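Undergrad: Data file protein-v2.txt (compact mmCIF, C-alpha atoms) is appended below.
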# COMPACT_ATOMS: atom_id res chain seq x y z
CA MET T 1 12.31 -33.40 -11.35
CA SER T 2 10.78 -36.41 -9.65
CA SER T 3 7.75 -37.87 -11.42
CA GLN T 4 6.23 -38.98 -8.12
CA VAL T 5 6.36 -35.59 -6.37
CA ARG T 6 3.53 -33.15 -7.12
CA MET T 7 3.13 -29.52 -6.06
CA SER T 8 -0.31 -27.92 -6.17
CA LEU T 9 -1.62 -24.38 -5.63
CA LEU T 10 -5.17 -24.07 -4.32
CA PRO T 11 -7.78 -23.07 -5.19
CA SER T 12 -6.01 -22.34 -8.51
CA ASP T 13 -2.63 -21.50 -10.06
CA ARG T 14 -4.19 -18.12 -10.96
CA CYS T 15 -5.56 -15.74 -8.33
CA LEU T 16 -5.86 -12.05 -7.55
CA PHE T 17 -2.74 -10.39 -6.12
CA ASP T 18 -4.48 -9.74 -2.79
CA GLU T 19 -5.64 -13.34 -2.33
CA PRO T 20 -3.74 -16.08 -0.47
CA VAL T 21 -2.81 -19.32 -2.19
CA GLN T 22 -2.53 -22.70 -0.46
CA VAL T 23 0.71 -24.54 -1.30
CA LYS T 24 0.69 -28.34 -1.01
CA VAL T 25 3.21 -31.06 -1.90
CA ALA T 26 2.47 -34.79 -2.24
CA GLY T 27 4.50 -37.87 -3.20
CA LEU T 28 7.46 -37.31 -0.88
CA ARG T 29 8.94 -40.03 1.33
CA SER T 30 7.51 -40.29 4.82
CA ARG T 31 9.13 -37.61 7.04
CA GLN T 32 11.36 -36.41 4.17
CA ALA T 33 13.03 -33.03 4.77
CA VAL T 34 12.85 -30.65 1.79
CA THR T 35 13.42 -27.00 0.94
CA MET T 36 10.46 -24.98 -0.36
CA ARG T 37 11.33 -21.95 -2.47
CA ALA T 38 9.56 -18.99 -4.08
CA ARG T 39 11.02 -16.69 -6.72
CA SER T 40 9.74 -13.74 -8.73
CA THR T 41 11.06 -10.92 -10.89
CA ASP T 42 9.62 -7.41 -10.69
CA GLU T 43 9.03 -4.85 -13.46
CA LYS T 44 12.59 -3.53 -13.13
CA GLY T 45 14.15 -6.99 -13.43
CA VAL T 46 15.00 -7.32 -9.72
CA VAL T 47 14.78 -10.93 -8.48
CA PHE T 48 13.03 -11.65 -5.16
CA SER T 49 13.25 -15.03 -3.45
CA SER T 50 12.56 -16.93 -0.22
CA SER T 51 13.16 -20.45 1.08
CA ALA T 52 12.13 -22.55 4.06
CA THR T 53 12.82 -26.07 5.32
CA TYR T 54 9.84 -28.42 5.81
CA ARG T 55 9.44 -32.05 6.84
CA ALA T 56 6.75 -34.19 5.20
CA ASP T 57 4.20 -35.97 7.36
CA GLY T 58 3.84 -39.74 7.54
CA SER T 59 1.96 -39.75 4.23
CA GLY T 60 4.72 -37.89 2.39
CA GLU T 61 2.70 -34.66 2.20
CA ILE T 62 3.33 -31.02 3.12
CA ASP T 63 0.56 -28.44 3.48
CA LEU T 64 1.77 -24.92 4.25
CA ASP T 65 -1.61 -24.18 5.87
CA ARG T 66 -0.87 -26.82 8.54
CA HIS T 67 2.81 -27.68 8.64
CA PRO T 68 5.56 -25.51 10.18
CA SER T 69 8.71 -24.24 8.56
CA LEU T 70 11.70 -25.56 10.53
CA GLY T 71 14.05 -22.80 9.35
CA GLY T 72 14.98 -20.47 6.52
CA SER T 73 13.27 -17.17 5.64
CA TYR T 74 10.72 -17.73 8.44
CA VAL T 75 9.76 -20.39 11.01
CA GLY T 76 6.43 -21.82 12.17
CA VAL T 77 3.09 -22.32 10.45
CA GLU T 78 2.90 -19.46 7.95
CA PRO T 79 0.58 -20.27 5.01
CA THR T 80 1.79 -17.28 2.95
CA GLY T 81 5.30 -17.06 4.43
CA LEU T 82 7.03 -17.80 1.13
CA LEU T 83 5.36 -14.67 -0.32
CA TRP T 84 5.88 -12.07 2.40
CA SER T 85 9.40 -13.23 3.34
CA MET T 86 10.84 -12.84 -0.18
CA ARG T 87 13.90 -10.60 -0.36
CA ALA T 88 15.53 -8.83 -3.27
CA ASP T 89 18.83 -10.21 -4.56
CA THR T 90 20.35 -6.71 -4.22
CA PRO T 91 20.01 -4.43 -1.16
CA HIS T 92 17.49 -1.63 -0.73
CA ARG T 93 15.00 -2.72 -3.38
CA TYR T 94 11.23 -2.42 -3.33
CA LEU T 95 9.00 -4.75 -5.36
CA ASN T 96 8.03 -2.71 -8.41
CA LYS T 97 4.65 -4.07 -9.47
CA ASN T 98 2.79 -0.99 -10.59
CA LYS T 99 1.24 -1.90 -13.96
CA ALA T 100 -2.20 -3.41 -13.79
CA LEU T 101 -2.32 -5.35 -17.07
CA GLN T 102 0.42 -7.91 -16.38
CA PRO T 103 0.12 -10.46 -13.56
CA HIS T 104 2.80 -10.81 -10.91
CA VAL T 105 4.33 -14.26 -11.47
CA VAL T 106 5.71 -16.28 -8.56
CA LYS T 107 7.42 -19.63 -9.14
CA PHE T 108 7.13 -22.07 -6.23
CA SER T 109 9.37 -25.14 -6.09
CA VAL T 110 10.33 -28.00 -3.76
CA HIS T 111 13.92 -29.29 -3.56
CA GLU T 112 15.84 -32.10 -1.93
CA GLU T 113 17.36 -30.94 1.33
CA GLU T 114 20.58 -32.88 0.84
CA GLY T 115 23.22 -32.63 -1.88
CA GLU T 116 22.80 -29.96 -4.54
CA GLY T 117 19.14 -29.41 -3.78
CA ARG T 118 17.70 -31.14 -6.85
CA MET T 119 14.28 -29.77 -7.81
CA LEU T 120 11.50 -32.31 -7.20
CA ALA T 121 8.47 -30.32 -8.41
CA GLU T 122 7.38 -26.77 -9.23
CA ALA T 123 4.26 -24.68 -9.81
CA THR T 124 3.69 -21.19 -11.22
CA ASN T 125 1.34 -18.76 -9.50
CA GLU T 126 -0.09 -15.92 -11.63
CA ARG T 127 -1.16 -13.17 -9.23
CA VAL T 128 -3.51 -10.98 -11.25
CA LEU T 129 -4.00 -7.30 -10.45
CA MET T 130 -7.02 -6.53 -12.63
CA GLY T 131 -10.01 -8.83 -12.22
CA ASP T 132 -12.37 -10.01 -14.96
CA GLY T 133 -14.52 -7.24 -16.39
CA VAL T 134 -12.65 -4.34 -14.74
CA ARG T 135 -12.01 -1.51 -17.20
CA ARG T 136 -8.78 0.48 -17.29
CA VAL T 137 -8.73 3.91 -18.97
CA PRO T 138 -5.73 6.29 -18.93
CA VAL T 139 -6.92 9.84 -18.26
CA LYS T 140 -5.31 13.19 -19.10
CA GLU T 141 -7.58 16.14 -18.53
CA GLY T 142 -6.86 19.73 -17.53
CA ASN T 143 -4.10 19.80 -14.93
CA PHE T 144 -4.10 16.15 -13.93
CA GLN T 145 -3.45 12.72 -15.34
CA GLY T 146 -4.02 9.25 -13.97
CA VAL T 147 -5.66 5.91 -14.66
CA LEU T 148 -9.36 5.20 -14.07
CA PHE T 149 -10.49 1.72 -13.02
CA THR T 150 -14.18 0.81 -13.20
CA PRO T 151 -15.79 -2.43 -11.98
CA PRO T 152 -18.00 -4.46 -14.33
CA GLY T 153 -21.65 -3.41 -14.42
CA ASP T 154 -23.56 -0.13 -14.37
CA GLY T 155 -23.26 0.61 -10.66
CA PRO T 156 -23.93 2.61 -8.65
CA PHE T 157 -20.43 2.30 -7.21
CA PRO T 158 -18.62 4.38 -4.56
CA ALA T 159 -15.75 6.52 -5.87
CA VAL T 160 -12.18 6.59 -4.50
CA LEU T 161 -9.24 8.81 -5.45
CA ASP T 162 -6.00 6.89 -4.89
CA LEU T 163 -3.18 9.39 -4.34
CA CYS T 164 0.04 7.43 -4.74
CA THR T 165 3.12 9.46 -3.83
CA PHE T 166 4.58 8.20 -7.13
CA MET T 167 2.40 6.62 -9.79
CA SER T 168 1.25 3.06 -9.18
CA GLU T 169 -1.85 1.26 -10.45
CA LYS T 170 -1.70 -1.67 -8.02
CA ARG T 171 -3.86 -0.52 -5.11
CA ALA T 172 -6.37 1.24 -7.37
CA CYS T 173 -7.16 -1.74 -9.59
CA LEU T 174 -7.31 -4.09 -6.60
CA LEU T 175 -9.92 -1.78 -5.04
CA ALA T 176 -11.82 -1.69 -8.35
CA ASN T 177 -12.02 -5.50 -8.16
CA LYS T 178 -13.94 -4.98 -4.90
CA GLY T 179 -16.59 -2.73 -6.44
CA PHE T 180 -15.13 0.80 -6.31
CA VAL T 181 -14.60 3.26 -9.17
CA VAL T 182 -11.00 4.31 -8.54
CA LEU T 183 -8.82 7.00 -10.10
CA ALA T 184 -5.10 6.43 -9.48
CA MET T 185 -3.08 9.63 -9.55
CA ALA T 186 0.47 10.50 -8.52
CA ALA T 187 0.77 13.09 -5.76
CA LEU T 188 4.21 13.89 -7.19
CA GLY T 189 4.00 13.70 -10.97
CA GLY T 190 7.24 13.97 -12.93
CA LYS T 191 10.68 14.21 -11.33
CA PRO T 192 10.65 15.44 -7.71
CA ASP T 193 13.66 17.71 -8.36
CA ASN T 194 11.58 19.69 -10.86
CA ILE T 195 8.65 20.30 -8.49
CA THR T 196 8.82 23.51 -6.43
CA GLU T 197 5.18 23.83 -5.29
CA MET T 198 1.96 21.82 -5.10
CA HIS T 199 -1.49 22.96 -6.26
CA LEU T 200 -4.52 21.53 -4.50
CA ASP T 201 -6.68 22.67 -7.43
CA HIS T 202 -5.17 19.89 -9.60
CA PHE T 203 -6.34 17.25 -7.13
CA GLU T 204 -9.75 18.93 -6.89
CA GLU T 205 -10.03 18.62 -10.69
CA ALA T 206 -9.35 14.87 -10.36
CA LYS T 207 -11.99 14.57 -7.61
CA ASP T 208 -14.56 16.41 -9.76
CA PHE T 209 -13.77 14.22 -12.77
CA LEU T 210 -14.28 11.12 -10.63
CA GLN T 211 -17.63 12.39 -9.33
CA ARG T 212 -18.86 12.95 -12.89
CA GLN T 213 -18.36 9.32 -13.92
CA PRO T 214 -21.74 7.78 -14.82
CA GLN T 215 -21.27 4.64 -12.69
CA VAL T 216 -20.47 6.65 -9.54
CA GLY T 217 -23.29 6.65 -7.00
CA SER T 218 -21.64 8.17 -3.92
CA LYS T 219 -22.44 11.85 -3.25
CA GLY T 220 -18.80 12.53 -2.47
CA VAL T 221 -15.54 10.65 -2.94
CA GLY T 222 -13.14 8.75 -0.75
CA VAL T 223 -9.40 9.41 -0.79
CA ILE T 224 -6.67 6.91 0.11
CA ALA T 225 -3.00 7.81 0.40
CA ARG T 226 0.22 6.96 2.19
CA SER T 227 3.29 9.05 3.10
CA LYS T 228 3.49 12.40 1.23
CA GLY T 229 0.22 11.65 -0.56
CA ALA T 230 -1.50 11.38 2.82
CA ASP T 231 -1.02 15.05 3.68
CA ILE T 232 -2.51 16.00 0.31
CA ALA T 233 -5.48 13.78 1.22
CA LEU T 234 -5.85 15.69 4.53
CA SER T 235 -5.75 19.01 2.68
CA LEU T 236 -8.42 17.87 0.24
CA ALA T 237 -10.67 16.95 3.17
CA ALA T 238 -9.97 20.26 4.93
CA PHE T 239 -10.30 22.68 2.00
CA VAL T 240 -12.31 20.99 -0.79
CA PRO T 241 -16.01 20.12 -0.47
CA GLY T 242 -17.23 16.65 -1.44
CA VAL T 243 -14.54 14.54 0.28
CA GLU T 244 -16.57 12.10 2.39
CA ALA T 245 -13.94 9.64 3.64
CA VAL T 246 -10.13 9.67 3.92
CA VAL T 247 -7.82 6.73 4.60
CA TRP T 248 -4.56 8.28 5.84
CA ILE T 249 -1.72 5.71 5.99
CA ASN T 250 1.60 6.54 7.68
CA GLY T 251 1.47 10.18 6.70
CA CYS T 252 2.22 13.46 8.44
CA SER T 253 -0.19 15.90 10.10
CA ALA T 254 1.51 18.76 8.26
CA ASN T 255 2.14 19.68 4.63
CA VAL T 256 5.57 18.16 3.91
CA ALA T 257 8.45 19.42 1.75
CA LEU T 258 6.65 21.73 -0.74
CA PRO T 259 4.40 24.78 -0.33
CA LEU T 260 0.72 24.09 -1.06
CA TYR T 261 -1.38 26.50 -3.12
CA TYR T 262 -5.14 26.66 -3.66
CA LYS T 263 -7.02 29.17 -5.80
CA LYS T 264 -3.78 31.03 -6.59
CA ARG T 265 -2.65 31.62 -3.02
CA GLN T 266 -0.42 29.67 -0.64
CA ILE T 267 -2.51 27.96 2.01
CA LEU T 268 0.17 25.88 3.76
CA SER T 269 3.91 26.36 4.18
CA PRO T 270 6.21 23.32 3.89
CA LEU T 271 7.44 21.27 6.85
CA MET T 272 11.10 20.56 6.16
CA PHE T 273 13.78 18.03 7.14
CA ASP T 274 16.96 18.47 9.15
CA PHE T 275 19.34 15.85 7.77
CA ASP T 276 21.86 16.46 10.54
CA LYS T 277 19.52 14.32 12.65
CA ALA T 278 19.48 11.40 10.20
CA ILE T 279 21.08 8.19 11.49
CA PRO T 280 23.24 6.09 9.11
CA THR T 281 23.13 2.31 9.54
CA GLU T 282 25.57 -0.48 8.68
CA SER T 283 23.31 -1.63 5.83
CA GLY T 284 23.97 1.63 3.98
CA ALA T 285 20.38 2.84 4.51
CA THR T 286 19.60 5.88 6.68
CA ILE T 287 16.98 6.32 9.40
CA ILE T 288 15.40 9.73 8.64
CA LYS T 289 12.59 9.55 11.22
CA TYR T 290 14.21 12.04 13.59
CA GLY T 291 15.10 14.49 10.81
CA VAL T 292 11.53 15.69 10.28
CA LYS T 293 11.02 19.07 11.94
CA ASP T 294 8.35 19.39 14.65
CA PRO T 295 5.06 20.50 13.07
CA LEU T 296 3.86 21.83 16.45
CA ALA T 297 6.83 24.19 16.86
CA GLU T 298 5.69 27.80 16.53
CA GLU T 299 7.73 28.40 13.36
CA ASN T 300 6.16 25.34 11.66
CA LYS T 301 2.49 25.77 12.58
CA GLY T 302 1.76 27.26 9.18
CA SER T 303 2.36 23.79 7.73
CA LEU T 304 -0.25 22.01 9.92
CA VAL T 305 -3.25 20.81 7.93
CA PRO T 306 -6.46 22.12 9.59
CA VAL T 307 -8.19 18.73 9.72
CA GLU T 308 -10.69 20.17 12.19
CA GLN T 309 -12.29 21.99 9.22
CA ALA T 310 -13.11 18.70 7.45
CA GLU T 311 -16.68 17.42 7.30
CA GLY T 312 -15.80 13.91 6.07
CA ARG T 313 -14.65 10.85 8.00
CA PHE T 314 -11.02 9.91 8.71
CA LEU T 315 -9.36 6.52 9.16
CA PHE T 316 -5.90 7.18 10.60
CA VAL T 317 -3.55 4.21 10.09
CA ALA T 318 -0.15 4.29 11.78
CA SER T 319 2.68 1.77 12.01
CA GLU T 320 4.46 2.02 15.35
CA ASP T 321 7.79 0.90 13.82
CA ASP T 322 7.60 3.43 10.96
CA LEU T 323 11.19 4.68 10.63
CA ASN T 324 10.38 7.21 7.90
CA TRP T 325 8.72 9.52 10.45
CA ASP T 326 6.55 9.46 13.57
CA SER T 327 3.26 8.37 11.99
CA LYS T 328 1.74 7.37 15.33
CA GLY T 329 2.68 10.70 16.90
CA TYR T 330 1.07 12.59 14.00
CA ALA T 331 -2.08 10.44 14.20
CA ASP T 332 -2.29 11.00 17.97
CA GLU T 333 -1.90 14.76 17.52
CA MET T 334 -4.68 14.92 14.92
CA THR T 335 -7.11 12.84 16.96
CA GLU T 336 -6.48 15.03 20.03
CA ARG T 337 -7.00 18.16 17.94
CA LEU T 338 -10.26 16.83 16.51
CA LYS T 339 -11.48 15.97 20.01
CA ARG T 340 -10.68 19.50 21.23
CA HIS T 341 -12.89 20.82 18.43
CA GLY T 342 -15.73 18.54 19.46
CA LYS T 343 -15.28 16.26 16.44
CA GLU T 344 -15.99 12.54 16.42
CA ASN T 345 -15.47 11.98 12.68
CA PHE T 346 -12.43 9.72 12.99
CA GLU T 347 -11.16 6.29 13.92
CA SER T 348 -7.61 5.04 14.31
CA VAL T 349 -5.81 1.74 13.90
CA TYR T 350 -2.22 1.19 15.05
CA TYR T 351 0.11 -1.68 14.10
CA PRO T 352 2.86 -2.23 16.73
CA ARG T 353 5.63 -3.91 14.67
CA ALA T 354 4.75 -2.78 11.16
CA GLY T 355 6.87 -0.42 9.05
CA HIS T 356 6.19 2.54 6.76
CA LEU T 357 5.31 0.77 3.51
CA LEU T 358 1.88 -0.73 4.24
CA GLU T 359 0.62 -2.20 0.94
CA PRO T 360 -2.14 -4.51 -0.27
CA PRO T 361 -1.31 -7.93 1.21
CA TYR T 362 0.87 -10.85 0.09
CA GLY T 363 3.77 -8.91 -1.37
CA PRO T 364 7.30 -9.04 0.09
CA HIS T 365 8.09 -6.89 3.11
CA CYS T 366 10.53 -4.11 2.17
CA PRO T 367 12.92 -3.18 5.02
CA SER T 368 14.77 -0.43 3.10
CA ALA T 369 14.80 1.19 -0.33
CA VAL T 370 15.80 4.37 -2.14
CA HIS T 371 13.56 7.24 -1.01
CA GLY T 372 11.67 8.81 -3.89
CA LEU T 373 12.17 12.37 -2.63
CA PHE T 374 15.77 12.17 -1.45
CA SER T 375 17.39 9.62 -3.81
CA PHE T 376 19.27 7.71 -1.11
CA PRO T 377 18.30 4.46 0.67
CA VAL T 378 16.27 4.79 3.87
CA VAL T 379 15.11 2.30 6.49
CA TRP T 380 11.33 1.83 6.38
CA GLY T 381 11.03 -0.29 9.54
CA GLY T 382 8.78 -3.23 10.38
CA GLU T 383 9.19 -6.84 11.44
CA PRO T 384 8.28 -8.98 8.40
CA LYS T 385 5.71 -11.31 9.99
CA ALA T 386 3.91 -8.56 11.92
CA HIS T 387 4.03 -6.24 8.91
CA ALA T 388 2.47 -8.92 6.69
CA ALA T 389 -0.32 -9.52 9.23
CA ALA T 390 -0.96 -5.76 9.42
CA GLU T 391 -1.38 -5.60 5.63
CA VAL T 392 -3.97 -8.40 5.65
CA HIS T 393 -5.95 -6.73 8.46
CA LEU T 394 -5.71 -3.22 6.98
CA TRP T 395 -6.83 -4.25 3.49
CA LYS T 396 -10.15 -5.52 4.88
CA LYS T 397 -10.47 -2.47 7.13
CA ILE T 398 -10.04 -0.06 4.18
CA GLN T 399 -12.83 -1.72 2.22
CA GLU T 400 -15.18 -1.77 5.22
CA PHE T 401 -14.46 1.91 5.97
CA PHE T 402 -15.19 3.07 2.42
CA ARG T 403 -18.33 0.93 2.12
CA THR T 404 -19.62 2.35 5.40
CA HIS T 405 -18.94 6.02 4.68
CA LEU T 406 -19.39 6.29 0.89
CA SER T 407 -23.13 5.76 0.65
CA CYS T 408 -24.35 4.98 -2.86
CA ASP T 409 -27.60 6.22 -4.37
CA ALA T 410 -28.89 4.88 -7.69
CA THR T 411 -30.56 8.25 -8.40
CA GLN T 412 -27.10 9.84 -8.52
CA THR T 413 -26.06 7.66 -11.47
CA LYS T 414 -29.39 8.16 -13.29
CA ALA T 415 -28.99 11.93 -13.01
CA LYS T 416 -25.59 11.72 -14.75
CA LEU T 417 -26.96 9.47 -17.50
Now, as a test, write the supplied structure out as structure tokens.
TA:
Amino acid sequence: MSSQVRMSLLPSDRCLFDEPVQVKVAGLRSRQAVTMRARSTDEKGVVFSSSATYRADGSGEIDLDRHPSLGGSYVGVEPTGLLWSMRADTPHRYLNKNKALQPHVVKFSVHEEEGEGRMLAEATNERVLMGDGVRRVPVKEGNFQGVLFTPPGDGPFPAVLDLCTFMSEKRACLLANKGFVVLAMAALGGKPDNITEMHLDHFEEAKDFLQRQPQVGSKGVGVIARSKGADIALSLAAFVPGVEAVVWINGCSANVALPLYYKKRQILSPLMFDFDKAIPTESGATIIKYGVKDPLAEENKGSLVPVEQAEGRFLFVASEDDLNWDSKGYADEMTERLKRHGKENFESVYYPRAGHLLEPPYGPHCPSAVHGLFSFPVVWGGEPKAHAAAEVHLWKKIQEFFRTHLSCDATQTKAKL
């Protein structure tokens, strides 16, 4: 490494996962061309990396907040481009960062453009999931298990049930950092092949447990979910009292894949897939969007979730380039149905060039990965830059929505104590 060249990360080498970091380089020659790189390894040992060519200014400095990439993983002024443009070193991989206790480590470096690309300087960014003072408690009670995250202090705090399709602590603990009591729970616990039916009662138990927490001040709970978890969130709002606000992200308007039971009877039949309509691609991943059966067809109407019965608020979030299924079409259908029933308890946000996997911001965009239900790689969709921008916008929107519609009352917490 060159002793004159310095790389700095601002405001600090350590930040929360959902916070941007400013990357700066000093000590280069005037107008020197260099390659900037980022590299990280996920919890399964998969390596993700990105690179971009930059030219120093007249003072020998590069500031990613101001200077454009001239080529590589992205082009133009993109302050967090090295993060969202990272790609796995093997195809069809998703960044597995699901455990809250360990930070996500990203190594930034700057290299000579010519020759063998000698490293001139490097810096390590620790992207922390769980903020100072947040408490993490694994929970196993009755028919559900999950992980409870509680912000520092006595509250009162609003409560959110995070229904991940498969278990992940990331979104839940990041929301807890923002002042929410959050219970993370898998919509599909265990191996999908072993699950033949879903029971809404188990999710109701989780909701009731969350409401009993002494720091919770909201009268009801919020629910956030994406994909399969999102139709469970709709069903909770439609059938279970006490659900005040639902963030539905790229889900379906119908109950997908498995019959849903509540109080020992089937309440919704499953909407199934027709894989003859799946489209293989040269990458080896399959587009399954057109294989989902039509929930409005007469034979499938028993799978439609009756969202018009819900008393709580909805935020429908749909990516227009979702290649998993027609999220925007499902969101449009639900909003039209609510309007026909005289309901105004919803708002929608659409992202034109974003794909299925909308996550908390500043992680790598995932174009394709193995589908958790079907065990073969599928195309998720999305243009990386637009998808990254959608994640930044949505993350703020989610917090605003829950703060607005999960009103907190200090007398609620005192009553529990």
Undergrad: For atom CA of T:Gly217 and atom CA of T:Leu148, quote the distance in Å rounded to one decimal.
TA: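 Going from atom CA of T:Gly217 over to atom CA of T:Leu148, I get 15.7 Å.
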Undergrad: Of the candidates T:Phe144, T:Tyr94, T:Tyr54, T:Tyr362, which one gets nearest to T:Phe17 if we count all atoms listed in the file?
TA: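 Using all atoms listed in the file, T:Phe17 sits closest to T:Tyr362.
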Undergrad: So which one's closest to T:Ser50, T:Thr80, T:Gln213, T:Ser218, T:Ser375? Using only C-alpha atoms, please.
TA: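 Comparing T:Thr80, T:Gln213, T:Ser218, T:Ser375 against T:Ser50, the winner is T:Thr80.
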Undergrad: T:Asp63: which residues within 7 Å, counting all atoms listed in the file, same-chain residues fewer than 3 positions away excluded, as a list of chain:residue names?
TA: T:Val23, T:Lys24, T:Val25, T:Arg66, T:His67
Undergrad: Listing only residues of stretch 145-263 of chain T within 7 Å of stretch 99-107 of chain T, what is the closest atom pair and its distance in Å (to one decimal) for each, using all atoms listed in the file, sorted by chain and residue number ascending, as CSV?
TA:
residue,atom,partner,partner_atom,distance
T:Ser168,CA,T:Lys99,CA,6.9
T:Glu169,CA,T:Lys99,CA,5.6
T:Lys170,CA,T:Ala100,CA,6.0
T:Cys173,CA,T:Ala100,CA,6.7
Undergrad: Just the residues within 10 Å of T:Gly372, please, counting all atoms listed in the file, with nothing from its chain fewer than 2 positions along; format it as a PyMOL selection string.
TA: chain T and resi 165-166+188+191-192+369-370+374-378
Undergrad: I need the residue nearest T:Arg171 from this list: T:Met334, T:Ala123, T:Val317, T:Val147. Use only C-alpha atoms for the distance.
TA: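 Nearest to T:Arg171: T:Val147.
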Undergrad: Write out as a ChimeraX atom specification the residues lying within 9 Å of T:Arg87, counting all atoms listed in the file and excluding same-chain residues fewer than 4 positions away.
TA: /T:47-50,73,91,93,364-366
Undergrad: Which residue gives the smallest distance to T:Pro384 among T:Val240, T:Leu82, T:Ala310, T:Met272, with only C-alpha atoms counted?
TA: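 Closest residue, counting only C-alpha atoms: T:Leu82.
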Undergrad: Counting only C-alpha atoms, select every polymer residue within 7 Å of (19.7, 4.0, 4.0) as defined in the file's coordinates, and provide the selection as a list of chain:residue names.
TA: T:Pro280, T:Thr281, T:Ser283, T:Gly284, T:Ala285, T:Thr286, T:Ile287, T:Ser368, T:Phe376, T:Pro377, T:Val378, T:Val379
Undergrad: Find the residue from T:Gly133, T:Pro367, T:Val247, T:Lys263 that sits nearest to T:Met86; use all atoms listed in the file when measuring.
TA: T:Pro367
Undergrad: Given the point (1.9, 19.0, -6.0) in the file's coordinates, find the residues that have an atom at most 7 Å from it, counting all atoms listed in the file, and give them as a list in words.
TA: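 The residues near that point, listed by chain and number, are Ala187, Leu188, Glu197, Met198 and His199 of chain T.
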Undergrad: Let me see the file: selected residues, C-alpha atoms, as a PDB file, in the frame of the given file.
TA:
ATOM      1  CA  ALA T 187       0.770  13.090  -5.760  1.00  0.00           C
ATOM      2  CA  LEU T 188       4.210  13.890  -7.190  1.00  0.00           C
ATOM      3  CA  GLU T 197       5.180  23.830  -5.290  1.00  0.00           C
ATOM      4  CA  MET T 198       1.960  21.820  -5.100  1.00  0.00           C
ATOM      5  CA  HIS T 199      -1.490  22.960  -6.260  1.00  0.00           C
TER       6      HIS T 199
END
